[in-house]
Structures are given as C-alpha cells and as structure tokens.
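What follows is a set of notes on a single structure, which appears directly below.
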Amino acid sequence: MGKRSVIPFGPQHPVLPEPIHIDLVIEDEKVVEAIPSVGFIHRGLESLVDKRDYNQMTYVVERTCGICSFQHGMGYCEAMEHVFGVDVPARAKYLRTIWAELGRMHSHLLWLGLLADGFGYENLFYQCWRVREKVLDMQEMTSGGRLIFSVNKVGGVIKDIEKEKLDIILKTMDEVEEELTVIKDTFLLDYSVQSRLQGVGIVTKEQAHDLGCAGPFARASGIRTDMRKLGYAAYPDLDFEPIISATGDSYARCYCRIMEIFQSIDLIRQAIGKIPNETDLFTPVKGNPDGEYFMRVEQPRGEAVYYVKASGKQYLDRFRVRTPTFANLPGLCEMLKNTQLSDVGLLVLTIDPCISCTER
Amino acid sequence: MGEVIHPEEKLVEIGTDQLLTKVMELKKAGYRLSQACAAYVNEKFELSYSFAEDTTYQYTTLRVVIDTDTEVPSITDIVPPAVFYENEMKELFGVKIQMISLDYNNKFYRIEAETPLGPKPDAAAEGKEA
C-alpha cells in the first residue's frame, strides 16, 4: 500500500461552475476514497413555505436553479395540481412540454461546452455555447426570459406561444439539428475526445441502481428509466423511448446527453405538430390545498422529486425538492474510487453537477 | 405513441421498529432509494422514505411518525446513499438518528441556525409575513 494523503478538491476549481468540496484520499496518484461536502450556498428556500403562500411559492421554486428553472416550476405546479385535483388545459400541457424540452436542450448544450472546456477543447466549447444561444433566444422570444421564464401557474401557464413563434422555433430546430450533427461527430468520433472519456469513471448498472443514481447518469449505465414515461404534461401523446447506453463510462454519459438533445428536438416538433388550438391556458384553482403528493419529473439531470404537504391553509406545511444532483452524489463518490487524480476534474463534470439545486 | 406507465404509488405508515425490516424488503424487491425527507407537522416529525422501481416505476413511501425526542435507526447500513438524506433530516429538523454511517455532525449545510425547519421554542412569538 502506498502512502496515503488527502487532497482538497474545490470549492474553487476551474472545472467547477458551482462550489462543492471533495476530500480526495489518494495513494500515490490513485483516488481510494472521496468524501463530498456541500453547504457553501445553502439558501433555505424550502423554509419559505412559512412566509409565502402556495401561489407565491411557484416563483420561489423557479429560482431554485438558473438552468432548470422552468422544470422546477412545472414540477411544483404538477404536484400542487394533484393535491387540488385539477386538470390542466391541453394546450398548457403542450406549452409546458415545449418549454421543458427547450430547457433540456440548453442545459445539455451548456454541459457539453463545459465538458469540452474540461478536456481542453476550447473551440468545441465555443461551438456548443454558440448553438445554445439559439435555444436561449427561443426561450427569450416565447417567455421574455432567457433562463427564468415565470410562466407556470398552479392550474396551467400564464403565457401562450403564437403560431408565428412556433414556426420560428421549428425553423430554429432545423438549424440546431444541422449544427449539432457536426458537434456530435466531434464528441463521439474524435480520437482525442475518446481517449479522455472512454473507459474512464465506469459505474456499472448494479452500482448505479444501488447508489440511487438518476437521469442520464443512470441511463448511461444501462438503467432504462425516464420519468417522462409517467405521463405528465403532453408526454403521453408523444412518441419517445429512453436513451440508454451500457458501458457506464464518461463516454456513455456524453453519448446519452448528446442523443437526448436530438430527442428533445424531435419531441418539440411532435408537440408543435399536435398542439391543440384552444384559448384556455389554465384551470382556475379555488380554496386552499389539502393533502400531499410526491411528484416525479425528468429534469435535464434526471429524476427530481417534489413533495408538497398541505392542511387546508394558505401556507403549505412542507415543500421539499430532491434534485437529481443530490441523488447522484453517492454515485459520484463511488465513481471517483480507483481513478487517477488527473481524471477527477472531468469525472466530477460528467454527472453534470448542479450544486445550487442540491443545496436549495 | 410511446408507452405511458401508470404506476402504483403507495404511502405506508409504519412504526419505528418496522423501518429497517421494511427497507430491507423493498431493497430485496429491487427498489432503489428515491428520496427521504422529514416534515414537522402537529408537533411531530413525519419521516418519509420513498423507494422507486425502475422497470415498473412503482413508488412506495414508508412513513414514520415520531415524537421529537424519539430516536430512529439509520438505514445507511442497508441503503448507503441515504447518508445525505439522513444528515439533512438531522441538521435541518433535529431528527435524532442513530448510527449514520457518515455523520457530518450538523455541518452538512454549514448553517448557523440550529434546526431551522424543526421545533422552534419561540414559534408563537414569530409573526407571519403577509
């Protein structure tokens, strides 16, 4: 056994967009244990249920994260709609689906850029973020916000997307698809990229299951799970299957996320092709909530769980969000074991960590 | 059209003494830990441990209701990823959990306030913001 030492990784590190600290126990250059530590940006958003009513909480929940803001709002509203027992108008369901998939696209493109930057391919990083700008433009055009839309409301949505704008989205999807095809080939076929990703940070299917991994991290290890199959929003009307890979390495995680962008493009086209032409965007909700529900939503990083509990008062008794990164931390620690110290930065990136979400 | 799954979602209330047995049963049945959280309602702690099955999407939540001074066993020996959930329950609510495999000793979130979501001795004195 070599000499053991502990190397602190983070909270400030070039590959980390947000702060997390990991104590890396190493033997020579090999990591033998990784102990994470969070708490640098805990905001106590859940405690605001004491001070904000269930409608105001929609805006609080949307601010859990700047990347998957819309999906946070949607997950919370879907949970509240189950408690109230209200049915959301069909057009609102389709609008939620379109915004959710635009959000998935920009999140994955952001991650691909960070990954490229992580393994030193700056030009690829710029290309990913250049394409992402087009998606952000679509979000701004349809909602008024580039990242935080504030369009969700318990019972539906508060904004519509007009026919002309839906046509612009379709045209933009064609452009993004064409440019993404070139980027995809670089990520998946380039020798230098493969050498950094293939066979590195393997998490087996059994490990991913036992450690409770979620989203593309779990799917890259062969677990066929996708919460969109539960049938919220307009997903029951759309044709798609979870994208999985069997190898469980960094390359597989990259593959799953790239292919999910193409899947999102397809889902947006399907949704725009089927969106009902009606004027109702939300169902009025009356009274105060009474009951509880666990809502599961497939965010870009995986399964997010929204727990709401109410007892007939204006304020909720409890709101809780379990974000995908929270579920993926145990998998990350396991993945780092027996890897080389030089790979740690890139491996941390491959779970697409969102620490602001995690700490709430 | 893709297949839409309508899974059974169960909430099972159990006693503290049944917790480890039920968790073991769900693990053996192929469930993974989806989430665990606490709530402070009616001067009691409600602990929810949710388990998901990835093929059928079945969702089972074990609910343990305890007094604030009652201790519960840690499930981390059976389900290792529960470690962060249990540290959160302990730090934010003050739930007394025995033998967490990796106990951060109330430093998981590095917050100054003591059990901010748990019982507040001076709760009556605090006004609600409109």
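Every chain in the structure tokens has a letter given in the order shown (A, B, ...), and although residue numbers restart at 1 in each chain, ligands are simply numbered from 1 in the order shown.
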
Per residue of chain B within 8 Å of chain A, which atom pair is closest and at what distance in Å (one decimal), using only C-alpha atoms, listed by chain and increasing number, as CSV?
residue,atom,partner,partner_atom,distance
B:Met1,CA,A:Asp239,CA,4.6
B:Gly2,CA,A:Asp239,CA,4.3
B:Glu3,CA,A:Lys229,CA,7.1
B:Val4,CA,A:Lys229,CA,5.3
B:Ile5,CA,A:Leu230,CA,5.2
B:His6,CA,A:Leu230,CA,6.3
B:Pro7,CA,A:Leu230,CA,7.6
B:Arg32,CA,A:Gly212,CA,5.6
B:Leu33,CA,A:Gly212,CA,5.7
B:Ser34,CA,A:Gly212,CA,6.5
B:Gln35,CA,A:Arg322,CA,6.6
B:Cys37,CA,A:Arg320,CA,7.7
B:Ala39,CA,A:Arg318,CA,6.2
B:Tyr40,CA,A:Asp317,CA,7.9
B:Val41,CA,A:Asp317,CA,6.9
B:Asp54,CA,A:Thr225,CA,5.7
B:Thr55,CA,A:Thr225,CA,7.1
B:Tyr57,CA,A:Leu230,CA,7.8
B:Val79,CA,A:Asp210,CA,7.5
B:Pro80,CA,A:Leu211,CA,7.1
B:Pro81,CA,A:Leu211,CA,5.5
B:Lys107,CA,A:Gly39,CA,7.9
B:Phe108,CA,A:Gly39,CA,6.1
B:Tyr109,CA,A:Gly39,CA,3.7
B:Arg110,CA,A:Gly39,CA,5.0
B:Ile111,CA,A:Gly39,CA,7.3
B:Pro116,CA,A:Ser47,CA,7.7
B:Leu117,CA,A:Ser47,CA,6.5
B:Lys128,CA,A:Lys51,CA,6.1
B:Glu129,CA,A:Lys51,CA,5.4
B:Ala130,CA,A:Lys51,CA,7.1

Just the selected residues (C-alpha atoms), exported as a PDB file, in the first residue's frame, please.
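And here's again34.pdb as it stands now:
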ATOM      1  CA  MET B   1     -47.411   6.569 -29.457  1.00  0.00           C
ATOM      2  CA  GLY B   2     -44.908   5.713 -26.734  1.00  0.00           C
ATOM      3  CA  GLU B   3     -45.935   3.569 -23.814  1.00  0.00           C
ATOM      4  CA  VAL B   4     -47.248   5.540 -20.829  1.00  0.00           C
ATOM      5  CA  ILE B   5     -46.864   3.951 -17.446  1.00  0.00           C
ATOM      6  CA  HIS B   6     -49.357   4.387 -14.644  1.00  0.00           C
ATOM      7  CA  PRO B   7     -47.515   3.060 -11.628  1.00  0.00           C
ATOM      8  CA  ARG B  32     -33.862   1.995  -5.101  1.00  0.00           C
ATOM      9  CA  LEU B  33     -33.989   4.893  -2.666  1.00  0.00           C
ATOM     10  CA  SER B  34     -35.617   7.806  -4.480  1.00  0.00           C
ATOM     11  CA  GLN B  35     -35.736  10.308  -1.645  1.00  0.00           C
ATOM     12  CA  CYS B  37     -37.203  13.719   3.954  1.00  0.00           C
ATOM     13  CA  ALA B  39     -41.594  17.262   7.935  1.00  0.00           C
ATOM     14  CA  TYR B  40     -42.513  18.871  11.240  1.00  0.00           C
ATOM     15  CA  VAL B  41     -46.294  18.734  11.490  1.00  0.00           C
ATOM     16  CA  ASP B  54     -37.127   1.455 -12.364  1.00  0.00           C
ATOM     17  CA  THR B  55     -38.850  -1.116 -14.579  1.00  0.00           C
ATOM     18  CA  TYR B  57     -41.967   2.878 -11.939  1.00  0.00           C
ATOM     19  CA  VAL B  79     -29.109   1.745   1.758  1.00  0.00           C
ATOM     20  CA  PRO B  80     -25.769   3.624   1.718  1.00  0.00           C
ATOM     21  CA  PRO B  81     -26.994   6.607  -0.382  1.00  0.00           C
ATOM     22  CA  LYS B 107     -22.075  20.560   9.361  1.00  0.00           C
ATOM     23  CA  PHE B 108     -23.590  19.178   6.157  1.00  0.00           C
ATOM     24  CA  TYR B 109     -25.083  22.535   5.113  1.00  0.00           C
ATOM     25  CA  ARG B 110     -22.748  24.697   7.251  1.00  0.00           C
ATOM     26  CA  ILE B 111     -25.642  26.826   8.502  1.00  0.00           C
ATOM     27  CA  PRO B 116     -34.279  25.818  11.200  1.00  0.00           C
ATOM     28  CA  LEU B 117     -37.161  23.622   9.978  1.00  0.00           C
ATOM     29  CA  LYS B 128     -46.095  35.503   9.811  1.00  0.00           C
ATOM     30  CA  GLU B 129     -45.229  37.758   6.962  1.00  0.00           C
ATOM     31  CA  ALA B 130     -48.295  38.533   4.904  1.00  0.00           C
TER      32      ALA B 130
END

key: Residue nearest Tyr85 (chain B) among B:Gln58, B:Ala38, B:Glu43, B:Ala113 (counting only C-alpha atoms)   = B:Ala38

request  = Determine, counting only C-alpha atoms, which protein, DNA and RNA residues have an atom within 10 Å of an atom of Asp28 (chain A); residues of the same chain fewer than 6 positions away are not included. Present the result as an MDAnalysis selection string.
outcome  = chainID A and resid 1:5 340:341

Residues as selected, N, CA and C atoms, written as a short mmCIF file (atom, residue, chain, number, x, y, z; two decimals), in the first residue's frame, can you do that?
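Written file, again02.cif:
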data_model
loop_
_atom_site.label_atom_id
_atom_site.label_comp_id
_atom_site.auth_asym_id
_atom_site.auth_seq_id
_atom_site.Cartn_x
_atom_site.Cartn_y
_atom_site.Cartn_z
N MET A 1 0.85 -1.20 0.00
CA MET A 1 0.00 0.00 0.00
C MET A 1 0.88 1.25 0.00
N GLY A 2 0.62 2.16 -0.90
CA GLY A 2 1.39 3.40 -0.97
C GLY A 2 1.03 4.34 0.17
N LYS A 3 1.74 5.43 0.23
CA LYS A 3 1.46 6.42 1.28
C LYS A 3 0.16 7.15 0.96
N ARG A 4 -0.70 7.23 1.96
CA ARG A 4 -1.99 7.90 1.76
C ARG A 4 -1.90 9.38 2.13
N SER A 5 -2.55 10.20 1.34
CA SER A 5 -2.66 11.62 1.69
C SER A 5 -4.02 12.13 1.22
N GLN A 340 -7.60 7.91 -11.53
CA GLN A 340 -6.39 8.72 -11.41
C GLN A 340 -6.75 10.14 -11.00
N LEU A 341 -5.91 10.74 -10.21
CA LEU A 341 -6.16 12.10 -9.72
C LEU A 341 -6.39 13.07 -10.89
#
